[in-house]
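Written below as structure tokens is the structure these notes are about.
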Amino acid sequence: MKKSNHKGNKSASYESLSKKYSDEELAEGFVFPSQLEGEEKETAHREFLKLRMELLKNMTSEEIMFGELTRMKLLQNDYFKLDTYDKGMSFAAQLKDYMRITRRSQAELCVEIGVEKTKLSKLVNGKIKPNAELMFRLEKHSQNTVPALNWYRVYLKDLEQELKENTELKQAQYKFVKSSINLGKAG
Amino acid sequence: MKLRDTTSGDLLESTINRIIESDYERVANSGEYVFDWKLERYADVYKISLFLSENEILGLMSIDDYPDETRINVNLIEVGNANRGRGKAIDGIAGCLLAFAAKISFSLNYNGFVTLEPKAELVDHYRSKYGFEELSYLMFIEGKKSSALINKYMNNEEE
């Protein structure tokens, strides 16, 4: 990885900027570029890597789960901003993913959130629609890591797609409309 | 992502995007930045702007992905001159950029692990303001602290 070198730029140094700003203000305005170089940097980096690998090795299953659930929530948040529909982000698919991340079988999740086995099976297979009660239970189950509102928005995207694809219903309902408003040339 | 108008206290919606080539010249000629951002071309550089005024760059961040170390490193952040120090018009710009780096880290399955190399004088401030901890010559944030940073600066929730 090629590294930039800002060292020759005196006006961009901490020493120069600290004449104008307090340290608190500098921390709110800057992260300064790396100062270490050559062997000094290599030695420091070796020490960092050792500690980093130790941190990774000592990560608990709870910490890993939290990271994966947070990732799930953030991906959902990005998905909500898109105009497109993704089957992998459907309520059923996300529920399956939730069970994978939390390492819960259907039977285990049923017991933990108080939902009947057959109902949960139908939910993960997209055979029935989820309700708000289930979304609140999933929120509590994830200790609020994936909020009920996220589950609701995932479901809304499913509904949106269902509406877009339901041309049969659309045509059938259009027939009931005897006349439309007049928008002239604007319509 | 929400910034705050320091005069009115109003929240301002913002947006973060990858910098484009023509931005480097604009940044250099704006008089708002002391660093030569063209030197960061090799890295991933992001700009933060107000949602309703995307042409005005409020701050910049250069990051690198270290997949073998499962971390995102913040190489450089600079908030534009108008929003630094006591007279700043908008608050929370650097926080939003750091939260964005944490979000990228989560999306890459790094558990929100983000590092930066602090100036010794700023260590306490990065700790108290953003929750960073020291690890050898770097400071880092991860897990619940990274998530809290995202909630605070990107979702505008209280910690």
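In the structure tokens, the first chain shown is A, the next is B, and so on; residue numbers restart at 1 for each chain, and ligands run from 1 in the order shown.
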Secondary structure check, alpha helix (DSSP H) residues of chain B, as a VMD selection string:
chain B and resid 21 to 30 93 to 107 123 to 130 143 to 153
Counting only C-alpha atoms, which residues of chain B come no farther than 8 Å from chain A, as a PyMOL selection string?
chain B and resi 34-36+39-40+42+69+74-80+83-86+92-95+103+106-107+109-112+116-119+121-122+125-126+135-138+143-144+147
Shell around Leu58 (chain B) at 10 Å using only C-alpha atoms, local window under 2 positions removed, as a ChimeraX atom specification:
/B:14,32-33,47-50,54-56,60,78-83,90,93-94
Check chain B with DSSP on the backbone and list each residue it calls strand (DSSP E or B), as a count of residues only.
54
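In this model, the gap between CA of Cys110 (chain A) and CA of Lys122 (chain A) comes to 12.1 Å.
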Which residues, written as a PyMOL selection string, have at least one atom at most 10 Å from Met99 (chain A), with only C-alpha atoms counted and residues fewer than 5 positions away on the same chain left out?
chain A and resi 93-94+104-106+108-109+124
Could the residues in this selection be saved with C-alpha atoms as a tab-separated table (two decimals), in the first residue's frame?
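Listed below is the output, result02.tsv:
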```tsv
chain	number	residue	atom	x	y	z
A	93	ALA	CA	-34.78	-14.65	4.38
A	94	GLN	CA	-33.82	-12.17	7.11
A	104	ARG	CA	-30.79	-20.92	17.03
A	105	SER	CA	-32.75	-23.78	15.51
A	106	GLN	CA	-36.42	-23.17	14.74
A	108	GLU	CA	-35.07	-23.19	20.06
A	109	LEU	CA	-36.31	-19.84	18.76
A	124	VAL	CA	-39.33	-18.68	7.53
```
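Atom to atom, CA of Phe51 (chain B) and CA of Lys2 (chain B) stand 9.7 Å apart.
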